[in-house]
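Shown below: structure_3.txt, with compact mmCIF, N, CA and C atoms.
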```txt
# COMPACT_ATOMS: atom_id res chain seq x y z
N MET A 838 -6.54 0.34 -25.72
CA MET A 838 -5.13 0.37 -25.36
C MET A 838 -4.66 1.82 -25.34
N ASP A 839 -3.97 2.19 -24.32
CA ASP A 839 -3.45 3.55 -24.18
C ASP A 839 -2.19 3.70 -25.03
N HIS A 840 -2.07 4.81 -25.73
CA HIS A 840 -0.90 5.04 -26.58
C HIS A 840 0.23 5.75 -25.85
N ASN A 841 -0.01 6.12 -24.60
CA ASN A 841 1.02 6.76 -23.80
C ASN A 841 2.10 5.72 -23.48
N PRO A 842 3.36 5.97 -23.86
CA PRO A 842 4.42 4.98 -23.65
C PRO A 842 4.66 4.66 -22.17
N ASP A 843 4.44 5.63 -21.29
CA ASP A 843 4.62 5.37 -19.86
C ASP A 843 3.57 4.40 -19.34
N ILE A 844 2.34 4.59 -19.78
CA ILE A 844 1.25 3.68 -19.37
C ILE A 844 1.51 2.29 -19.92
N GLN A 845 1.94 2.21 -21.17
CA GLN A 845 2.24 0.91 -21.77
C GLN A 845 3.36 0.21 -21.00
N ARG A 846 4.39 0.96 -20.63
CA ARG A 846 5.52 0.39 -19.89
C ARG A 846 5.04 -0.14 -18.53
N LEU A 847 4.20 0.63 -17.85
CA LEU A 847 3.69 0.19 -16.55
C LEU A 847 2.85 -1.08 -16.68
N ARG A 848 2.02 -1.14 -17.70
CA ARG A 848 1.20 -2.34 -17.91
C ARG A 848 2.07 -3.56 -18.19
N GLN A 849 3.12 -3.36 -18.98
CA GLN A 849 4.04 -4.46 -19.27
C GLN A 849 4.75 -4.92 -17.99
N GLU A 850 5.15 -3.96 -17.17
CA GLU A 850 5.84 -4.30 -15.93
C GLU A 850 4.94 -5.07 -14.97
N TYR A 851 3.69 -4.62 -14.82
CA TYR A 851 2.76 -5.33 -13.94
C TYR A 851 2.45 -6.72 -14.49
N ALA A 852 2.36 -6.86 -15.79
CA ALA A 852 2.14 -8.18 -16.39
C ALA A 852 3.34 -9.08 -16.13
N ARG A 853 4.54 -8.53 -16.24
CA ARG A 853 5.74 -9.31 -15.97
C ARG A 853 5.77 -9.76 -14.52
N ARG A 854 5.45 -8.84 -13.61
CA ARG A 854 5.45 -9.18 -12.18
C ARG A 854 4.43 -10.27 -11.86
N ALA A 855 3.28 -10.21 -12.50
CA ALA A 855 2.23 -11.21 -12.23
C ALA A 855 2.69 -12.61 -12.62
N GLY A 856 3.57 -12.71 -13.61
CA GLY A 856 4.06 -14.01 -14.05
C GLY A 856 5.31 -14.47 -13.32
N ASP A 857 5.91 -13.60 -12.53
CA ASP A 857 7.15 -13.91 -11.82
C ASP A 857 6.80 -14.36 -10.40
N LEU A 858 7.05 -15.63 -10.07
CA LEU A 858 6.68 -16.16 -8.76
C LEU A 858 7.36 -15.43 -7.61
N LYS A 859 8.63 -15.06 -7.77
CA LYS A 859 9.32 -14.35 -6.69
C LYS A 859 8.69 -12.99 -6.44
N THR A 860 8.37 -12.26 -7.48
CA THR A 860 7.78 -10.94 -7.33
C THR A 860 6.35 -11.05 -6.81
N ARG A 861 5.62 -12.06 -7.26
CA ARG A 861 4.24 -12.22 -6.81
C ARG A 861 4.21 -12.47 -5.30
N PHE A 862 5.13 -13.26 -4.78
CA PHE A 862 5.20 -13.55 -3.34
C PHE A 862 5.71 -12.35 -2.55
N LEU A 863 6.48 -11.47 -3.21
CA LEU A 863 7.08 -10.32 -2.54
C LEU A 863 6.03 -9.46 -1.84
N TYR A 864 4.90 -9.23 -2.48
CA TYR A 864 3.85 -8.38 -1.93
C TYR A 864 2.66 -9.19 -1.41
N SER A 865 2.88 -10.43 -1.06
CA SER A 865 1.82 -11.30 -0.59
C SER A 865 1.73 -11.25 0.94
N SER A 866 0.52 -11.34 1.46
CA SER A 866 0.37 -11.38 2.92
C SER A 866 0.94 -12.68 3.48
N GLU A 867 1.24 -13.64 2.61
CA GLU A 867 1.88 -14.89 3.04
C GLU A 867 3.38 -14.71 3.25
N ASN A 868 3.92 -13.59 2.80
CA ASN A 868 5.34 -13.29 2.98
C ASN A 868 5.51 -12.65 4.36
N PRO A 869 6.21 -13.31 5.29
CA PRO A 869 6.36 -12.76 6.65
C PRO A 869 6.98 -11.36 6.68
N ALA A 870 7.92 -11.10 5.83
CA ALA A 870 8.56 -9.78 5.81
C ALA A 870 7.57 -8.70 5.37
N TYR A 871 6.77 -9.00 4.37
CA TYR A 871 5.76 -8.05 3.91
C TYR A 871 4.71 -7.84 4.99
N HIS A 872 4.29 -8.93 5.62
CA HIS A 872 3.30 -8.84 6.69
C HIS A 872 3.83 -7.96 7.83
N TRP A 873 5.08 -8.15 8.20
CA TRP A 873 5.69 -7.32 9.26
C TRP A 873 5.71 -5.85 8.83
N MET A 874 6.11 -5.59 7.58
CA MET A 874 6.21 -4.22 7.09
C MET A 874 4.84 -3.51 7.15
N ILE A 875 3.79 -4.19 6.75
CA ILE A 875 2.45 -3.61 6.78
C ILE A 875 2.02 -3.33 8.22
N ASN A 876 2.24 -4.28 9.10
CA ASN A 876 1.88 -4.08 10.50
C ASN A 876 2.68 -2.93 11.11
N ASP A 877 3.97 -2.85 10.79
CA ASP A 877 4.81 -1.77 11.30
C ASP A 877 4.30 -0.42 10.79
N ARG A 878 3.93 -0.35 9.52
CA ARG A 878 3.40 0.89 8.95
C ARG A 878 2.12 1.31 9.67
N HIS A 879 1.22 0.35 9.89
CA HIS A 879 -0.03 0.66 10.58
C HIS A 879 0.23 1.16 12.00
N ASN A 880 1.16 0.53 12.69
CA ASN A 880 1.49 0.95 14.05
C ASN A 880 2.06 2.36 14.07
N ARG A 881 2.94 2.67 13.13
CA ARG A 881 3.52 4.01 13.08
C ARG A 881 2.47 5.08 12.75
N ILE A 882 1.57 4.77 11.85
CA ILE A 882 0.50 5.71 11.52
C ILE A 882 -0.38 5.94 12.75
N ARG A 883 -0.71 4.85 13.44
CA ARG A 883 -1.52 4.97 14.65
C ARG A 883 -0.80 5.84 15.69
N GLU A 884 0.52 5.65 15.86
CA GLU A 884 1.30 6.46 16.79
C GLU A 884 1.29 7.94 16.39
N LEU A 885 1.43 8.22 15.10
CA LEU A 885 1.39 9.61 14.62
C LEU A 885 0.04 10.26 14.91
N PHE A 886 -1.04 9.52 14.64
CA PHE A 886 -2.37 10.06 14.91
C PHE A 886 -2.55 10.32 16.39
N THR A 887 -2.17 9.36 17.20
CA THR A 887 -2.34 9.49 18.65
C THR A 887 -1.56 10.69 19.18
N ALA A 888 -0.35 10.90 18.69
CA ALA A 888 0.50 11.98 19.19
C ALA A 888 0.09 13.36 18.66
N ASN A 889 -0.57 13.41 17.51
CA ASN A 889 -0.79 14.70 16.86
C ASN A 889 -2.23 15.13 16.65
N LEU A 890 -3.19 14.25 16.94
CA LEU A 890 -4.58 14.60 16.71
C LEU A 890 -5.31 14.75 18.04
N PRO A 891 -6.18 15.73 18.14
CA PRO A 891 -6.93 15.91 19.39
C PRO A 891 -8.00 14.83 19.54
N GLY A 892 -8.23 14.41 20.74
CA GLY A 892 -9.31 13.48 21.01
C GLY A 892 -9.04 12.07 20.53
N LYS A 893 -10.09 11.27 20.56
CA LYS A 893 -9.98 9.89 20.13
C LYS A 893 -10.09 9.81 18.61
N LEU A 894 -9.32 8.94 18.04
CA LEU A 894 -9.34 8.75 16.59
C LEU A 894 -10.74 8.33 16.12
N SER A 895 -11.41 7.54 16.91
CA SER A 895 -12.74 7.06 16.51
C SER A 895 -13.78 8.19 16.46
N ASP A 896 -13.48 9.33 17.07
CA ASP A 896 -14.40 10.47 17.04
C ASP A 896 -14.16 11.39 15.84
N LEU A 897 -13.12 11.15 15.09
CA LEU A 897 -12.75 12.02 13.98
C LEU A 897 -13.28 11.50 12.65
N GLN A 898 -13.47 12.41 11.72
CA GLN A 898 -13.77 12.05 10.34
C GLN A 898 -12.53 12.36 9.53
N ILE A 899 -11.99 11.35 8.87
CA ILE A 899 -10.73 11.52 8.13
C ILE A 899 -10.97 11.09 6.69
N MET A 900 -10.53 11.92 5.76
CA MET A 900 -10.61 11.56 4.36
C MET A 900 -9.20 11.31 3.85
N GLU A 901 -9.00 10.14 3.27
CA GLU A 901 -7.71 9.85 2.66
C GLU A 901 -7.86 9.91 1.15
N THR A 902 -6.85 10.44 0.50
CA THR A 902 -6.87 10.48 -0.96
C THR A 902 -5.51 10.05 -1.48
N GLY A 903 -5.52 9.40 -2.60
CA GLY A 903 -4.27 9.08 -3.27
C GLY A 903 -3.52 7.88 -2.71
N CYS A 904 -4.21 6.97 -2.04
CA CYS A 904 -3.52 5.81 -1.46
C CYS A 904 -3.77 4.54 -2.26
N GLY A 905 -4.19 4.66 -3.46
CA GLY A 905 -4.43 3.46 -4.27
C GLY A 905 -5.48 2.58 -3.63
N SER A 906 -5.07 1.38 -3.24
CA SER A 906 -6.01 0.44 -2.64
C SER A 906 -6.30 0.78 -1.19
N GLY A 907 -5.58 1.71 -0.63
CA GLY A 907 -5.78 2.06 0.78
C GLY A 907 -4.85 1.32 1.70
N ALA A 908 -4.07 0.43 1.15
CA ALA A 908 -3.14 -0.33 1.98
C ALA A 908 -2.07 0.55 2.53
```
Final structure tokens representation of the file:
Amino acid sequence: MDHNPDIQRLRQEYARRAGDLKTRFLYSSENPAYHWMINDRHNRIRELFTANLPGKLSDLQIMETGCGSGA
């Protein structure tokens, strides 16, 4: 167990969210609003890449860092 109070608070919050049905559905792919938001984000990122990167995206090597799960 981590003794850092911030880490403890975050763990408590995630545990609370896991038990809360409304919050659990909030970030679910079964939630139409969340699904739309993710698709919109992907489309905007694709548009940014297309407008600002040379060549085809499939020809590039891209390293992402700091995105958690990558979502």
Could you pull out all residues of chain A with a DSSP call of alpha helix (DSSP H) and give them as a ChimeraX atom specification?
/A:842-856,858-863,869-889
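Distance-wise, atom CA of A:Arg878 and atom CA of A:Thr860 end up 20.6 Å apart.
Counting from atom CA of A:Ile875, the distance to atom N of A:Asp843 is 29.6 Å.
Note that atom N of A:Asp857 and atom N of A:Gly903 are 27.5 Å apart.
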Output file: stretch 849-885 of chain A, N, CA and C atoms, as a short mmCIF file (atom, residue, chain, number, x, y, z; two decimals), in the first residue's frame:
```cif
data_model
loop_
_atom_site.label_atom_id
_atom_site.label_comp_id
_atom_site.auth_asym_id
_atom_site.auth_seq_id
_atom_site.Cartn_x
_atom_site.Cartn_y
_atom_site.Cartn_z
N GLN A 849 -8.97 5.25 -3.81
CA GLN A 849 -10.31 5.27 -3.22
C GLN A 849 -11.35 5.76 -4.24
N GLU A 850 -10.98 6.77 -5.01
CA GLU A 850 -11.90 7.31 -6.00
C GLU A 850 -12.20 6.29 -7.10
N TYR A 851 -11.16 5.61 -7.59
CA TYR A 851 -11.40 4.59 -8.61
C TYR A 851 -12.22 3.43 -8.06
N ALA A 852 -12.00 3.07 -6.82
CA ALA A 852 -12.80 2.01 -6.20
C ALA A 852 -14.26 2.45 -6.08
N ARG A 853 -14.47 3.71 -5.71
CA ARG A 853 -15.83 4.23 -5.61
C ARG A 853 -16.51 4.21 -6.97
N ARG A 854 -15.79 4.65 -8.01
CA ARG A 854 -16.35 4.68 -9.36
C ARG A 854 -16.71 3.28 -9.84
N ALA A 855 -15.88 2.30 -9.52
CA ALA A 855 -16.14 0.93 -9.96
C ALA A 855 -17.44 0.39 -9.37
N GLY A 856 -17.81 0.86 -8.18
CA GLY A 856 -19.03 0.41 -7.55
C GLY A 856 -20.26 1.22 -7.90
N ASP A 857 -20.07 2.34 -8.58
CA ASP A 857 -21.16 3.24 -8.93
C ASP A 857 -21.62 2.92 -10.36
N LEU A 858 -22.85 2.41 -10.51
CA LEU A 858 -23.33 2.00 -11.83
C LEU A 858 -23.37 3.16 -12.82
N LYS A 859 -23.76 4.35 -12.38
CA LYS A 859 -23.81 5.50 -13.30
C LYS A 859 -22.42 5.85 -13.81
N THR A 860 -21.44 5.87 -12.93
CA THR A 860 -20.09 6.22 -13.33
C THR A 860 -19.47 5.12 -14.17
N ARG A 861 -19.77 3.86 -13.85
CA ARG A 861 -19.22 2.76 -14.62
C ARG A 861 -19.71 2.82 -16.06
N PHE A 862 -20.97 3.16 -16.28
CA PHE A 862 -21.53 3.27 -17.63
C PHE A 862 -21.03 4.51 -18.35
N LEU A 863 -20.63 5.53 -17.59
CA LEU A 863 -20.19 6.79 -18.17
C LEU A 863 -19.06 6.60 -19.17
N TYR A 864 -18.10 5.74 -18.85
CA TYR A 864 -16.95 5.52 -19.72
C TYR A 864 -17.02 4.18 -20.45
N SER A 865 -18.21 3.67 -20.64
CA SER A 865 -18.41 2.39 -21.30
C SER A 865 -18.63 2.59 -22.80
N SER A 866 -18.13 1.67 -23.60
CA SER A 866 -18.38 1.75 -25.04
C SER A 866 -19.85 1.51 -25.34
N GLU A 867 -20.61 1.03 -24.36
CA GLU A 867 -22.05 0.86 -24.52
C GLU A 867 -22.80 2.18 -24.36
N ASN A 868 -22.13 3.20 -23.87
CA ASN A 868 -22.73 4.53 -23.71
C ASN A 868 -22.60 5.26 -25.05
N PRO A 869 -23.71 5.57 -25.72
CA PRO A 869 -23.64 6.22 -27.04
C PRO A 869 -22.89 7.55 -27.02
N ALA A 870 -23.03 8.32 -25.98
CA ALA A 870 -22.33 9.61 -25.90
C ALA A 870 -20.82 9.40 -25.80
N TYR A 871 -20.40 8.44 -25.02
CA TYR A 871 -18.98 8.14 -24.89
C TYR A 871 -18.44 7.61 -26.22
N HIS A 872 -19.20 6.73 -26.85
CA HIS A 872 -18.79 6.17 -28.14
C HIS A 872 -18.63 7.29 -29.17
N TRP A 873 -19.56 8.23 -29.20
CA TRP A 873 -19.47 9.36 -30.13
C TRP A 873 -18.22 10.19 -29.82
N MET A 874 -17.97 10.46 -28.53
CA MET A 874 -16.83 11.29 -28.14
C MET A 874 -15.51 10.64 -28.59
N ILE A 875 -15.38 9.35 -28.41
CA ILE A 875 -14.15 8.65 -28.82
C ILE A 875 -13.99 8.71 -30.34
N ASN A 876 -15.06 8.45 -31.06
CA ASN A 876 -14.99 8.51 -32.53
C ASN A 876 -14.65 9.92 -33.00
N ASP A 877 -15.24 10.93 -32.37
CA ASP A 877 -14.96 12.32 -32.73
C ASP A 877 -13.49 12.64 -32.47
N ARG A 878 -12.97 12.20 -31.33
CA ARG A 878 -11.56 12.43 -31.01
C ARG A 878 -10.65 11.79 -32.06
N HIS A 879 -10.95 10.55 -32.42
CA HIS A 879 -10.14 9.86 -33.43
C HIS A 879 -10.19 10.59 -34.77
N ASN A 880 -11.36 11.04 -35.15
CA ASN A 880 -11.49 11.78 -36.42
C ASN A 880 -10.69 13.07 -36.40
N ARG A 881 -10.74 13.79 -35.30
CA ARG A 881 -9.99 15.05 -35.20
C ARG A 881 -8.48 14.81 -35.23
N ILE A 882 -8.03 13.77 -34.56
CA ILE A 882 -6.60 13.44 -34.58
C ILE A 882 -6.18 13.08 -36.00
N ARG A 883 -7.00 12.28 -36.67
CA ARG A 883 -6.71 11.90 -38.05
C ARG A 883 -6.64 13.16 -38.94
N GLU A 884 -7.56 14.10 -38.76
CA GLU A 884 -7.55 15.35 -39.52
C GLU A 884 -6.29 16.16 -39.25
N LEU A 885 -5.88 16.24 -37.98
CA LEU A 885 -4.65 16.96 -37.64
C LEU A 885 -3.43 16.34 -38.30
#
```
